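Peer 1: Next comes start26.csv, CSV, C-alpha atoms and all ligand atoms:
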chain,number,residue,atom,x,y,z
O,49,MET,CA,81.0,-108.1,-22.9
O,50,SER,CA,81.8,-104.6,-21.7
O,51,SER,CA,79.3,-103.7,-19.0
O,52,ALA,CA,78.4,-100.4,-20.7
O,53,ILE,CA,74.6,-100.2,-20.8
O,54,THR,CA,73.5,-97.4,-23.1
O,55,VAL,CA,70.4,-95.4,-22.3
O,56,LYS,CA,67.8,-93.8,-24.5
O,57,LEU,CA,65.1,-92.0,-22.5
O,58,THR,CA,61.6,-91.7,-23.8
O,59,ASP,CA,60.4,-88.4,-25.4
O,60,ASN,CA,56.8,-89.3,-24.3
O,61,PRO,CA,56.6,-90.2,-20.7
O,62,LYS,CA,53.3,-91.8,-19.8
O,63,MET,CA,50.8,-90.7,-17.2
O,64,LYS,CA,51.5,-92.5,-13.9
O,65,PRO,CA,48.5,-94.2,-12.3
O,66,THR,CA,46.8,-91.7,-10.0
O,67,ASP,CA,44.8,-94.2,-7.9
O,68,GLU,CA,47.3,-96.7,-6.5
O,69,GLY,CA,44.5,-98.6,-4.9
O,70,LYS,CA,43.4,-99.8,-8.4
O,71,LEU,CA,46.8,-101.0,-9.7
O,72,GLY,CA,46.1,-104.7,-9.5
O,73,PHE,CA,48.9,-106.9,-10.6
O,74,GLY,CA,51.0,-106.7,-13.8
O,75,ARG,CA,48.7,-104.5,-15.9
O,76,VAL,CA,50.5,-101.2,-16.0
O,77,PHE,CA,54.1,-100.8,-17.3
O,78,THR,CA,56.7,-98.1,-16.8
O,79,ASP,CA,58.4,-95.9,-19.4
O,80,HIS,CA,61.5,-97.9,-20.0
O,81,MET,CA,62.8,-101.5,-20.4
O,82,PHE,CA,66.2,-103.2,-20.6
O,83,VAL,CA,67.2,-105.2,-23.7
O,84,CYS,CA,70.2,-107.3,-24.4
O,85,GLU,CA,71.1,-109.7,-27.2
O,86,TRP,CA,73.1,-112.8,-27.3
O,87,ASN,CA,74.5,-115.0,-30.0
O,88,LYS,CA,77.0,-117.9,-29.9
O,89,GLY,CA,79.8,-115.9,-31.6
O,90,GLU,CA,79.6,-112.6,-29.7
O,91,GLY,CA,78.0,-113.6,-26.4
O,92,TRP,CA,75.9,-110.9,-24.8
O,93,HIS,CA,76.1,-107.5,-26.5
O,94,ASP,CA,74.1,-104.3,-27.2
O,95,ALA,CA,72.9,-103.9,-23.6
O,96,LYS,CA,70.5,-101.0,-23.5
O,97,ILE,CA,67.7,-99.2,-21.7
O,98,VAL,CA,65.1,-98.0,-24.2
O,99,PRO,CA,61.6,-96.6,-24.2
O,100,PHE,CA,59.0,-99.4,-23.4
O,101,ALA,CA,57.7,-100.7,-26.7
O,102,ASP,CA,56.3,-103.8,-28.5
O,103,LEU,CA,58.8,-106.4,-29.7
O,104,SER,CA,59.4,-107.4,-33.2
O,105,ILE,CA,59.8,-111.1,-33.6
O,106,HIS,CA,60.4,-113.6,-36.5
O,107,PRO,CA,57.4,-115.9,-37.0
O,108,ALA,CA,59.7,-118.9,-36.8
O,109,SER,CA,61.4,-117.7,-33.6
O,110,THR,CA,62.2,-120.7,-31.2
O,111,VAL,CA,60.2,-119.1,-28.3
O,112,LEU,CA,57.0,-119.1,-30.3
O,113,HIS,CA,57.2,-122.8,-31.2
O,114,TYR,CA,59.2,-124.7,-28.6
O,115,GLY,CA,58.8,-122.6,-25.4
O,116,ALA,CA,62.4,-121.4,-25.1
O,117,GLU,CA,61.5,-118.9,-22.3
O,118,ILE,CA,62.5,-118.4,-18.7
O,119,PHE,CA,61.6,-115.5,-16.3
O,120,GLU,CA,62.1,-114.1,-12.9
O,121,GLY,CA,60.0,-112.0,-10.5
O,122,LEU,CA,61.1,-109.6,-7.8
O,123,LYS,CA,60.0,-106.3,-6.4
O,124,ALA,CA,61.3,-102.7,-5.7
O,125,TYR,CA,59.9,-101.2,-2.5
O,126,ARG,CA,59.4,-97.5,-1.7
O,127,TRP,CA,60.5,-96.8,1.9
O,128,ALA,CA,59.0,-94.0,4.0
O,129,ASP,CA,62.2,-91.9,3.5
O,130,GLY,CA,61.5,-92.0,-0.3
O,131,SER,CA,64.4,-94.4,-1.1
O,132,VAL,CA,63.9,-97.5,-3.3
O,133,LYS,CA,65.1,-101.0,-2.3
O,134,LEU,CA,65.3,-104.5,-3.8
O,135,PHE,CA,65.0,-107.7,-1.8
O,136,ARG,CA,67.8,-110.3,-2.4
O,137,PRO,CA,68.2,-109.7,-6.1
O,138,THR,CA,71.2,-111.9,-6.4
O,139,GLU,CA,69.0,-114.9,-5.5
O,140,ASN,CA,66.9,-114.1,-8.6
O,141,VAL,CA,69.9,-113.7,-10.8
O,142,ARG,CA,71.3,-117.1,-9.7
O,143,ARG,CA,67.9,-118.8,-10.1
O,144,MET,CA,67.5,-117.4,-13.6
O,145,ASN,CA,70.9,-118.8,-14.5
O,146,ARG,CA,69.8,-122.2,-13.1
O,147,SER,CA,66.6,-122.0,-15.2
O,148,ALA,CA,68.7,-121.1,-18.3
O,149,GLU,CA,70.9,-124.1,-17.7
O,150,ARG,CA,67.9,-126.4,-17.6
O,151,MET,CA,66.3,-124.9,-20.7
O,152,GLY,CA,69.4,-124.8,-22.9
O,153,LEU,CA,69.6,-121.0,-22.8
O,154,PRO,CA,72.7,-118.9,-22.2
O,155,GLN,CA,74.0,-117.8,-18.8
O,156,ILE,CA,73.8,-114.1,-18.0
O,157,PRO,CA,76.8,-112.6,-16.2
O,158,GLU,CA,75.7,-111.8,-12.7
O,159,GLU,CA,77.3,-108.3,-12.8
O,160,LEU,CA,75.5,-107.4,-16.0
O,161,PHE,CA,72.1,-108.6,-14.7
O,162,LEU,CA,72.5,-106.7,-11.4
O,163,GLU,CA,73.7,-103.6,-13.1
O,164,ALA,CA,70.7,-103.7,-15.5
O,165,LEU,CA,68.3,-104.1,-12.6
O,166,LEU,CA,69.7,-101.2,-10.6
O,167,LYS,CA,70.0,-98.9,-13.5
O,168,LEU,CA,66.5,-99.6,-14.9
O,169,VAL,CA,64.8,-99.3,-11.6
O,170,GLY,CA,66.8,-96.2,-10.9
O,171,ILE,CA,65.6,-94.6,-14.1
O,172,ASP,CA,62.0,-95.5,-13.5
O,173,ALA,CA,62.2,-94.9,-9.8
O,174,ASP,CA,59.3,-92.4,-9.8
O,175,TRP,CA,57.1,-95.3,-10.9
O,176,VAL,CA,57.6,-97.2,-7.6
O,177,PRO,CA,54.2,-96.6,-5.9
O,178,HIS,CA,53.9,-95.2,-2.4
O,179,GLY,CA,50.7,-96.8,-1.1
O,180,GLU,CA,50.6,-99.5,1.6
O,181,GLY,CA,51.3,-102.9,0.1
O,182,THR,CA,52.2,-101.6,-3.3
O,183,SER,CA,55.5,-102.1,-5.1
O,184,LEU,CA,57.2,-102.1,-8.5
O,185,TYR,CA,57.1,-105.7,-9.8
O,186,ILE,CA,60.2,-106.5,-11.8
O,187,ARG,CA,59.9,-109.1,-14.6
O,188,PRO,CA,63.2,-110.2,-16.2
O,189,PHE,CA,62.8,-112.7,-19.0
O,190,MET,CA,64.8,-114.4,-21.7
O,191,ILE,CA,63.7,-115.9,-24.9
O,192,GLY,CA,65.5,-118.2,-27.4
O,193,ASP,CA,65.3,-116.5,-30.8
O,194,ASP,CA,66.6,-118.6,-33.6
O,195,GLU,CA,64.8,-118.0,-36.9
O,196,HIS,CA,64.2,-121.6,-38.0
O,197,LEU,CA,62.0,-124.5,-37.1
O,198,GLY,CA,64.5,-127.2,-36.1
O,199,VAL,CA,64.3,-128.4,-32.5
O,200,HIS,CA,67.7,-127.5,-31.1
O,201,GLY,CA,69.7,-125.5,-28.6
O,202,VAL,CA,69.6,-121.9,-29.5
O,203,SER,CA,72.3,-119.7,-31.0
O,204,HIS,CA,70.4,-116.4,-30.5
O,205,ALA,CA,68.7,-115.2,-27.4
O,206,ARG,CA,67.3,-111.9,-26.0
O,207,PHE,CA,67.1,-110.8,-22.4
O,208,TYR,CA,64.6,-108.2,-21.2
O,209,ILE,CA,63.6,-106.5,-18.0
O,210,ILE,CA,60.2,-104.8,-17.7
O,211,LEU,CA,58.6,-103.1,-14.7
O,212,SER,CA,55.1,-102.9,-13.5
O,213,PRO,CA,53.8,-100.9,-10.5
O,214,SER,CA,51.5,-103.3,-8.7
O,215,GLY,CA,49.2,-103.8,-5.8
O,216,SER,CA,48.2,-107.1,-4.3
O,217,TYR,CA,48.3,-110.3,-6.4
O,218,TYR,CA,45.0,-111.6,-5.0
O,219,LYS,CA,41.9,-109.4,-5.3
O,220,GLY,CA,41.3,-109.9,-1.6
O,221,GLY,CA,44.7,-108.6,-0.5
O,222,LEU,CA,45.6,-110.3,2.8
O,223,ALA,CA,42.2,-112.1,3.0
O,224,PRO,CA,42.6,-115.9,3.3
O,225,VAL,CA,42.6,-117.6,-0.1
O,226,ARG,CA,40.6,-120.7,-1.2
O,227,ILE,CA,42.8,-123.4,-2.6
O,228,MET,CA,41.8,-126.6,-4.4
O,229,ILE,CA,44.1,-129.7,-4.4
O,230,GLU,CA,44.4,-130.8,-8.0
O,231,ASP,CA,43.9,-134.5,-8.4
O,232,HIS,CA,44.0,-134.9,-12.2
O,233,ASP,CA,46.5,-132.7,-14.0
O,234,VAL,CA,50.1,-132.6,-12.8
O,235,ARG,CA,52.4,-129.6,-13.0
O,236,ALA,CA,55.9,-131.2,-13.0
O,237,VAL,CA,57.8,-134.3,-12.4
O,238,ARG,CA,61.3,-134.8,-11.1
O,239,GLY,CA,63.8,-134.5,-14.0
O,240,GLY,CA,61.3,-132.3,-15.8
O,241,THR,CA,61.2,-128.5,-15.6
O,242,GLY,CA,59.4,-127.9,-12.3
O,243,GLU,CA,62.3,-126.3,-10.5
O,244,ALA,CA,63.0,-124.0,-13.5
O,245,LYS,CA,61.0,-120.8,-13.8
O,246,CYS,CA,60.0,-121.3,-17.4
O,247,GLY,CA,56.8,-120.2,-19.1
O,248,GLY,CA,55.8,-123.8,-20.1
O,249,ASN,CA,55.2,-124.7,-16.4
O,250,TYR,CA,52.6,-122.0,-16.1
O,251,GLY,CA,51.1,-122.8,-19.5
O,252,ALA,CA,50.5,-126.4,-18.4
O,253,SER,CA,48.9,-125.2,-15.2
O,254,VAL,CA,46.2,-123.0,-16.8
O,255,ARG,CA,43.6,-125.7,-17.4
O,256,ALA,CA,43.5,-126.8,-13.7
O,257,GLY,CA,43.6,-123.1,-12.5
O,258,GLU,CA,40.6,-122.2,-14.7
O,259,LYS,CA,38.7,-125.3,-13.4
O,260,ALA,CA,39.4,-124.3,-9.8
O,261,GLU,CA,38.3,-120.7,-10.5
O,262,GLU,CA,35.0,-121.8,-12.0
O,263,LYS,CA,34.4,-123.6,-8.7
O,264,GLY,CA,35.2,-120.5,-6.7
O,265,PHE,CA,38.8,-121.2,-5.7
O,266,ASP,CA,41.7,-118.8,-6.1
O,267,GLN,CA,44.4,-121.3,-7.0
O,268,VAL,CA,45.4,-125.0,-7.3
O,269,LEU,CA,47.7,-126.9,-5.0
O,270,TRP,CA,49.7,-129.3,-7.0
O,271,LEU,CA,50.5,-132.9,-6.0
O,272,ASP,CA,53.6,-134.8,-7.1
O,273,GLY,CA,53.5,-135.9,-10.7
O,274,VAL,CA,54.2,-139.6,-10.1
O,275,GLU,CA,52.0,-140.8,-7.3
O,276,GLN,CA,49.8,-137.7,-6.9
O,277,LYS,CA,50.2,-138.3,-3.2
O,278,TYR,CA,52.6,-135.6,-1.9
O,279,ILE,CA,52.0,-131.9,-1.6
O,280,GLU,CA,54.2,-129.8,-3.9
O,281,GLU,CA,53.3,-126.1,-4.4
O,282,VAL,CA,50.6,-123.7,-5.4
O,283,GLY,CA,50.3,-122.1,-8.9
O,284,SER,CA,52.4,-119.0,-8.0
O,285,MET,CA,53.7,-119.7,-4.5
O,286,ASN,CA,55.2,-122.2,-2.2
O,287,ILE,CA,53.2,-123.7,0.6
O,288,MET,CA,53.8,-124.0,4.3
O,289,PHE,CA,51.8,-125.6,7.1
O,290,LYS,CA,51.8,-125.4,10.9
O,291,ILE,CA,51.0,-128.9,12.1
O,292,ASP,CA,50.9,-129.5,15.8
O,293,GLY,CA,53.0,-126.5,16.5
O,294,LYS,CA,55.7,-127.1,13.9
O,295,VAL,CA,56.2,-125.4,10.5
O,296,VAL,CA,56.5,-127.9,7.7
O,297,THR,CA,57.0,-127.3,4.0
O,298,PRO,CA,57.6,-129.7,1.1
O,299,ALA,CA,61.2,-130.4,0.5
O,300,LEU,CA,62.8,-129.2,-2.8
O,301,THR,CA,62.6,-132.4,-4.8
O,302,GLY,CA,63.5,-130.9,-8.2
O,303,ALA,CA,59.8,-130.6,-9.2
O,304,ILE,CA,59.0,-127.4,-7.3
O,305,LEU,CA,60.3,-123.9,-7.6
O,306,PRO,CA,62.9,-123.0,-5.0
O,307,GLY,CA,61.2,-119.9,-3.9
O,308,ILE,CA,63.2,-117.0,-2.5
O,309,THR,CA,60.4,-116.1,-0.1
O,310,ARG,CA,60.3,-119.7,1.1
O,311,LYS,CA,64.1,-119.7,1.6
O,312,SER,CA,63.9,-116.3,3.5
O,313,ILE,CA,61.1,-117.5,5.8
O,314,ILE,CA,63.0,-120.7,6.6
O,315,GLU,CA,66.2,-118.7,7.3
O,316,PHE,CA,64.2,-116.2,9.4
O,317,LEU,CA,62.4,-118.9,11.5
O,318,LYS,CA,65.7,-120.8,12.0
O,319,SER,CA,67.4,-117.6,13.2
O,320,LYS,CA,64.7,-117.4,15.9
O,321,GLY,CA,65.5,-120.9,16.9
O,322,ALA,CA,62.2,-122.3,15.5
O,323,ALA,CA,62.2,-125.7,13.9
O,324,VAL,CA,61.2,-125.9,10.2
O,325,GLU,CA,60.8,-129.3,8.6
O,326,GLU,CA,61.4,-129.6,4.9
O,327,ARG,CA,60.1,-133.0,4.0
O,328,ARG,CA,57.5,-135.0,2.0
O,329,ILE,CA,54.0,-134.2,3.2
O,330,SER,CA,51.4,-136.6,1.9
O,331,VAL,CA,47.8,-135.4,1.2
O,332,ASP,CA,46.7,-138.1,3.6
O,333,GLU,CA,48.8,-136.7,6.4
O,334,LEU,CA,47.3,-133.3,5.8
O,335,ALA,CA,43.7,-134.7,5.7
O,336,LYS,CA,44.4,-136.5,9.0
O,337,ALA,CA,45.9,-133.5,10.6
O,338,LEU,CA,42.8,-131.5,9.5
O,339,GLU,CA,40.5,-134.1,10.9
O,340,ASP,CA,42.4,-134.3,14.2
O,341,GLY,CA,42.4,-130.5,14.5
O,342,LYS,CA,46.2,-130.5,14.3
O,343,LEU,CA,46.5,-128.5,11.1
O,344,GLU,CA,46.7,-125.1,12.8
O,345,GLU,CA,47.6,-122.9,9.8
O,346,ALA,CA,48.5,-122.9,6.1
O,347,TRP,CA,49.9,-120.1,4.0
O,348,GLY,CA,51.5,-119.6,0.6
O,349,CYS,CA,54.6,-117.5,0.1
O,350,GLY,CA,56.0,-115.9,-3.0
O,351,THR,CA,57.2,-112.6,-4.4
O,352,ALA,CA,53.8,-111.7,-5.9
O,353,ALA,CA,51.7,-113.3,-3.3
O,354,VAL,CA,53.9,-112.2,-0.3
O,355,VAL,CA,52.5,-114.4,2.6
O,356,SER,CA,49.0,-115.4,1.8
O,357,PRO,CA,46.9,-117.2,4.4
O,358,VAL,CA,45.0,-120.3,3.2
O,359,GLY,CA,41.5,-120.2,4.6
O,360,VAL,CA,39.9,-123.2,2.7
O,361,LEU,CA,41.5,-126.3,1.3
O,362,LYS,CA,39.4,-128.6,-0.9
O,363,TYR,CA,40.5,-132.2,-1.7
O,364,LYS,CA,38.2,-134.4,-3.8
O,365,ASP,CA,34.7,-133.8,-2.4
O,366,LYS,CA,35.8,-132.4,1.0
O,367,GLU,CA,36.3,-128.8,1.9
O,368,TYR,CA,38.3,-128.0,5.0
O,369,VAL,CA,38.3,-124.7,6.8
O,370,ILE,CA,41.7,-123.7,8.3
O,371,SER,CA,42.2,-121.4,11.3
O,372,GLY,CA,38.5,-120.7,11.3
O,373,GLY,CA,38.9,-119.1,7.8
O,374,ARG,CA,41.0,-116.3,9.4
O,375,ILE,CA,44.7,-115.4,9.2
O,376,GLY,CA,46.6,-117.5,11.8
O,377,GLU,CA,49.1,-116.1,14.3
O,378,THR,CA,52.3,-117.5,12.6
O,379,THR,CA,51.1,-116.4,9.2
O,380,GLN,CA,50.4,-112.9,10.4
O,381,MET,CA,53.8,-112.8,12.2
O,382,LEU,CA,55.6,-113.9,9.0
O,383,TYR,CA,53.7,-111.4,6.9
O,384,ASP,CA,54.6,-108.6,9.4
O,385,GLU,CA,58.3,-109.6,9.6
O,386,LEU,CA,58.8,-110.1,5.9
O,387,THR,CA,57.0,-106.9,4.8
O,388,GLY,CA,58.5,-105.0,7.7
O,389,LEU,CA,62.0,-105.9,6.5
O,390,GLN,CA,61.1,-105.2,2.8
O,391,TRP,CA,59.6,-101.8,3.6
O,392,GLY,CA,62.3,-100.8,6.1
O,393,LYS,CA,59.9,-100.8,9.1
O,394,LYS,CA,62.0,-103.6,10.8
O,395,PRO,CA,65.8,-104.1,11.0
O,396,ASP,CA,67.5,-106.2,8.4
O,397,PRO,CA,70.0,-108.3,10.3
O,398,PHE,CA,70.5,-110.6,7.3
O,399,GLY,CA,71.6,-107.9,4.8
O,400,TRP,CA,68.9,-108.9,2.4
O,401,VAL,CA,67.9,-105.3,1.3
O,402,VAL,CA,69.8,-103.7,-1.5
O,403,ASN,CA,69.6,-99.9,-2.1
O,404,VAL,CA,68.7,-98.6,-5.5
O,405,LYS,CA,68.4,-94.9,-4.8
M,501,LIG,N1,56.2,-121.3,-6.9
M,501,LIG,C1,55.8,-120.8,-8.1
M,501,LIG,C2,55.2,-121.8,-9.1
M,501,LIG,C3,56.0,-119.5,-8.4
M,501,LIG,O1,55.6,-119.0,-9.5
M,501,LIG,C4,56.5,-118.6,-7.4
M,501,LIG,C5,56.7,-117.2,-7.7
M,501,LIG,O2,57.7,-116.8,-8.1
M,501,LIG,C6,56.9,-119.2,-6.2
M,501,LIG,C7,56.8,-120.5,-6.0
M,501,LIG,C8,57.6,-118.3,-5.1
M,501,LIG,O3,58.9,-118.0,-5.5
M,501,LIG,P1,59.5,-116.6,-5.0
M,501,LIG,O4,59.4,-116.6,-3.5
M,501,LIG,O5,61.0,-116.7,-5.4
M,501,LIG,O6,58.8,-115.5,-5.6
M,502,LIG,C1,56.3,-114.1,-8.6
M,502,LIG,O1,55.8,-114.3,-7.5
M,502,LIG,O2,57.2,-113.4,-8.9
M,502,LIG,C2,55.7,-114.9,-9.8
M,502,LIG,O3,56.5,-115.1,-10.7
M,502,LIG,C3,54.4,-115.4,-9.7
M,502,LIG,C4,53.8,-115.1,-11.1
M,502,LIG,C5,53.7,-116.3,-12.0
M,502,LIG,C6,52.7,-114.2,-11.1
Write out the structure in this file as C-alpha cells.
Ligand code: PLP
Ligand code: COI
Peer 2:
Amino acid sequence: MSSAITVKLTDNPKMKPTDEGKLGFGRVFTDHMFVCEWNKGEGWHDAKIVPFADLSIHPASTVLHYGAEIFEGLKAYRWADGSVKLFRPTENVRRMNRSAERMGLPQIPEELFLEALLKLVGIDADWVPHGEGTSLYIRPFMIGDDEHLGVHGVSHARFYIILSPSGSYYKGGLAPVRIMIEDHDVRAVRGGTGEAKCGGNYGASVRAGEKAEEKGFDQVLWLDGVEQKYIEEVGSMNIMFKIDGKVVTPALTGAILPGITRKSIIEFLKSKGAAVEERRISVDELAKALEDGKLEEAWGCGTAAVVSPVGVLKYKDKEYVISGGRIGETTQMLYDELTGLQWGKKPDPFGWVVNVK
C-alpha cells in the first residue's frame, strides 16, 4: 500500500488528567487512534488517524468467536527537555509480525507500523505525562474480522493503535511484589501460542491470577505446561533470579514471551561483562537455592512492569521471603539503568531510544 496515513483530528479534545499520581495503568485514553484495514485482495489500505471512538463490529466477527487477536505493548517517555521518545519500537513491530504468523493473521509492513506509531504519538504528544515513573502506554492490536462462523484463516483484518497515559502497573510502584507459583493451571505448551502475544494466552491465565489475588498475591509464576517442573514466566513479565552471584533466567523455549525488556537486560549485563545464564530452572532448584540462602534476588521485567522486585514467592504450602522482602542491589541497579536510559538520564550506547518529537 502507499504509506499515506490520513489524519482527522478531533473537534472535541478531552480534558487531560490533572493528577498524574492517580493515572493507574491503562484506564485513560488519548484523543486519537490509528486504524488500518486489510483484506486478501487489497492488502493493507485506508490507514488513518481518527478521533478515539468505539468500534463497530459484526456479531459473527472471527475475533469474537475464535480469538483471532494479537497485541503489543510499548511506551513513550517524556524527557526533561520536553522531547518524547520510544524504546526499541522495531522489536515490537517484529514480535507482532511473529505473533501474526503464529495466529494466521496478516503481516504488517514494518515501515507502515513504525510510521503509524511515530505519527500517532506525535499527534497526541501532549498526553505523554510528565511525572516521575509515568509514561504513555502504547497498545497496538490486530483482529481477524471475517463475518461468518467457519473456523478458518481470515481474509479480513483490522489493525489499531491506542494510547493510554499510565503510571505504575502495580499499585505499590517499585515495592516488592508477592508471587505465587501456580501448580494447577498451565499457561502454554511448546508448539502452542505461548511465545505469541495473543489475547487467548491472557484469557487462559485469568482464573489462576484471580485465585492468587484472593490469597493476597500480585501475580502468578507459571510452570512449564508438560511436567509442571520448570519456571517459565509471570502473568505480564519475564522472570530473572540471582542465584549464588549469577543472573539466571528461563530460556526461550517457545512457550514464553520473548520479552524486549528481558532481551535488553541480558544485552546490558553482557555489555558489562556479567554472565547471564538462559536455561531451564526447575522449581526444585529454586526451592533448594532458597533453603540454602543462595537465591539472592528475584525480579520480573516487562514494559508495563519495568523491573519489579519479587519480595515473596509461594510454592505449594511454603512462602519464601527473598532479599529480606526488600529490593535487591542488582534489581535496583537494573531498574536505574533501564529507566535512566528510557528517560534520558543515562547515555544510550546501544541506540535503543527513538525520537518522536
Ligand atoms: N511476558 C508476558 C506474558 C507479558 O505480557 C510481557 C509484557 O509484555 C512480558 C513477558 C514482557 O515483555 P516486554 O518486555 O516485551 O514488555
Ligand atoms: C506489557 O508489558 O506491555 C504488557 O503487555 C503487559 C500487559 C498484559 C498488561
Peer 1: Compute the set of protein, DNA and RNA residues whose minimum atom distance to ligand LIG 501 (chain M) is at most 10 Å, using all atoms listed in the file, and state it as a PyMOL selection string.
Peer 2: chain O and resi 119-123+136+139-140+143+235+242-247+249-250+253+269-270+280-287+303-313+348-355
Peer 1: Suppose we keep C-alpha atoms; can you now write the selection as a tab-separated table (two decimals), in the frame of the given file?
Peer 2:
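Now in part34.tsv:
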chain	number	residue	atom	x	y	z
O	119	PHE	CA	61.60	-115.50	-16.30
O	120	GLU	CA	62.10	-114.10	-12.90
O	121	GLY	CA	60.00	-112.00	-10.50
O	122	LEU	CA	61.10	-109.60	-7.80
O	123	LYS	CA	60.00	-106.30	-6.40
O	136	ARG	CA	67.80	-110.30	-2.40
O	139	GLU	CA	69.00	-114.90	-5.50
O	140	ASN	CA	66.90	-114.10	-8.60
O	143	ARG	CA	67.90	-118.80	-10.10
O	235	ARG	CA	52.40	-129.60	-13.00
O	242	GLY	CA	59.40	-127.90	-12.30
O	243	GLU	CA	62.30	-126.30	-10.50
O	244	ALA	CA	63.00	-124.00	-13.50
O	245	LYS	CA	61.00	-120.80	-13.80
O	246	CYS	CA	60.00	-121.30	-17.40
O	247	GLY	CA	56.80	-120.20	-19.10
O	249	ASN	CA	55.20	-124.70	-16.40
O	250	TYR	CA	52.60	-122.00	-16.10
O	253	SER	CA	48.90	-125.20	-15.20
O	269	LEU	CA	47.70	-126.90	-5.00
O	270	TRP	CA	49.70	-129.30	-7.00
O	280	GLU	CA	54.20	-129.80	-3.90
O	281	GLU	CA	53.30	-126.10	-4.40
O	282	VAL	CA	50.60	-123.70	-5.40
O	283	GLY	CA	50.30	-122.10	-8.90
O	284	SER	CA	52.40	-119.00	-8.00
O	285	MET	CA	53.70	-119.70	-4.50
O	286	ASN	CA	55.20	-122.20	-2.20
O	287	ILE	CA	53.20	-123.70	0.60
O	303	ALA	CA	59.80	-130.60	-9.20
O	304	ILE	CA	59.00	-127.40	-7.30
O	305	LEU	CA	60.30	-123.90	-7.60
O	306	PRO	CA	62.90	-123.00	-5.00
O	307	GLY	CA	61.20	-119.90	-3.90
O	308	ILE	CA	63.20	-117.00	-2.50
O	309	THR	CA	60.40	-116.10	-0.10
O	310	ARG	CA	60.30	-119.70	1.10
O	311	LYS	CA	64.10	-119.70	1.60
O	312	SER	CA	63.90	-116.30	3.50
O	313	ILE	CA	61.10	-117.50	5.80
O	348	GLY	CA	51.50	-119.60	0.60
O	349	CYS	CA	54.60	-117.50	0.10
O	350	GLY	CA	56.00	-115.90	-3.00
O	351	THR	CA	57.20	-112.60	-4.40
O	352	ALA	CA	53.80	-111.70	-5.90
O	353	ALA	CA	51.70	-113.30	-3.30
O	354	VAL	CA	53.90	-112.20	-0.30
O	355	VAL	CA	52.50	-114.40	2.60
Peer 1: With distances taken over all atoms listed in the file, which residue among O:Ala52, O:Ile156, O:Phe135, O:Thr78 lies nearest O:Asp94?
Peer 2: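 Comparing O:Ala52, O:Ile156, O:Phe135, O:Thr78 against O:Asp94, the winner is O:Ala52.
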Peer 1: One decimal, Å: what's the distance from atom CA of O:Met228 over to atom CA of O:Leu361, could you say?
Peer 2: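 Distance between the two atoms: 5.7 Å.
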Peer 1: Which residue out of O:Gly392, O:Gly91, O:Pro157, O:Pro188 has the minimum interatomic distance to ligand LIG 502 (chain M) when only C-alpha atoms and all ligand atoms are used?
Peer 2: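 Result for the nearest residue to ligand LIG 502 (chain M): O:Pro188.
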Peer 1: Show me, as JSON, numbers by chain, the residues that have an atom within 6 Å of O:Val296 when counting all atoms listed in the file, minus same-chain residues fewer than 4 positions from it.
Peer 2: {"O": [288, 289, 324, 325, 326]}
Peer 1: Hey, can you check how far atom CA of O:Gly273 sits from atom CA of O:Val295?
Peer 2: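 Atom CA of O:Gly273 sits 23.8 Å away from atom CA of O:Val295.
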Peer 1: Identify which of the residues O:Arg75, O:Arg187, O:Lys342, O:Lys167 lies closest to ligand LIG 502 (chain M), counting only C-alpha atoms and all ligand atoms when measuring atom-to-atom distances.
Peer 2: O:Arg187
Peer 1: Calculate how many Å separate atom CA of O:Ser109 from atom CA of O:His80, rounding to one decimal.
Peer 2: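 So the two atoms, atom CA of O:Ser109 and atom CA of O:His80, lie 24.0 Å apart.
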Peer 1: Select, from O:Pro137, O:Gly198, O:Gly152, O:Gly239, the residue with the minimum atom-to-atom distance to ligand LIG 502 (chain M), counting only C-alpha atoms and all ligand atoms.
Peer 2: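 That would be O:Pro137, the residue with the smallest distance to ligand LIG 502 (chain M).
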Peer 1: Have a look at O:Gly89, O:Gly359, O:Pro298, O:Gly251 and name the one nearest to ligand LIG 502 (chain M); count only C-alpha atoms and all ligand atoms.
Peer 2: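 Checking each candidate against ligand LIG 502 (chain M), we get O:Gly251 as the closest.
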Peer 1: Leaving out stretch 369-379 of chain O and any residue of its chain fewer than 4 positions from it, which residues lie within 9 Å of it when counting only C-alpha atoms, given as a PyMOL selection string?
Peer 2: chain O and resi 222-225+290+338+343-347+355-362+383-384
Peer 1: Would you mind listing what lies within 9 Å of O:Phe161 as a list in words, with only C-alpha atoms counted and same-chain residues fewer than 5 positions away left out?
Peer 2: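 In the requested format, the answer is Thr138, Val141, Ile156 and Leu166 of chain O.
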Peer 1: Hey, which of O:Asn60, O:Gln155, O:Ser330, O:Thr387 ends up closest to O:Asp79? Count all atoms listed in the file.
Peer 2: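 Between O:Asn60, O:Gln155, O:Ser330, O:Thr387, the residue approaching O:Asp79 most closely is O:Asn60.
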Peer 1: Around the point (47.5, -105.0, -1.5) (coordinates from the file), which residues reach within 7 Å if we count only C-alpha atoms? Answer as a list in words.
Peer 2: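 Taken together, the residues in range are Gly181, Thr182, Gly215, Ser216 and Gly221 of chain O.
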Peer 1: Using the selection just defined, write its residues with C-alpha atoms as a PDB file, keeping the file's coordinate frame.
Peer 2:
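selection.pdb written:
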ATOM      1  CA  GLY O 181      51.300-102.900   0.100  1.00  0.00           C
ATOM      2  CA  THR O 182      52.200-101.600  -3.300  1.00  0.00           C
ATOM      3  CA  GLY O 215      49.200-103.800  -5.800  1.00  0.00           C
ATOM      4  CA  SER O 216      48.200-107.100  -4.300  1.00  0.00           C
ATOM      5  CA  GLY O 221      44.700-108.600  -0.500  1.00  0.00           C
TER       6      GLY O 221
END
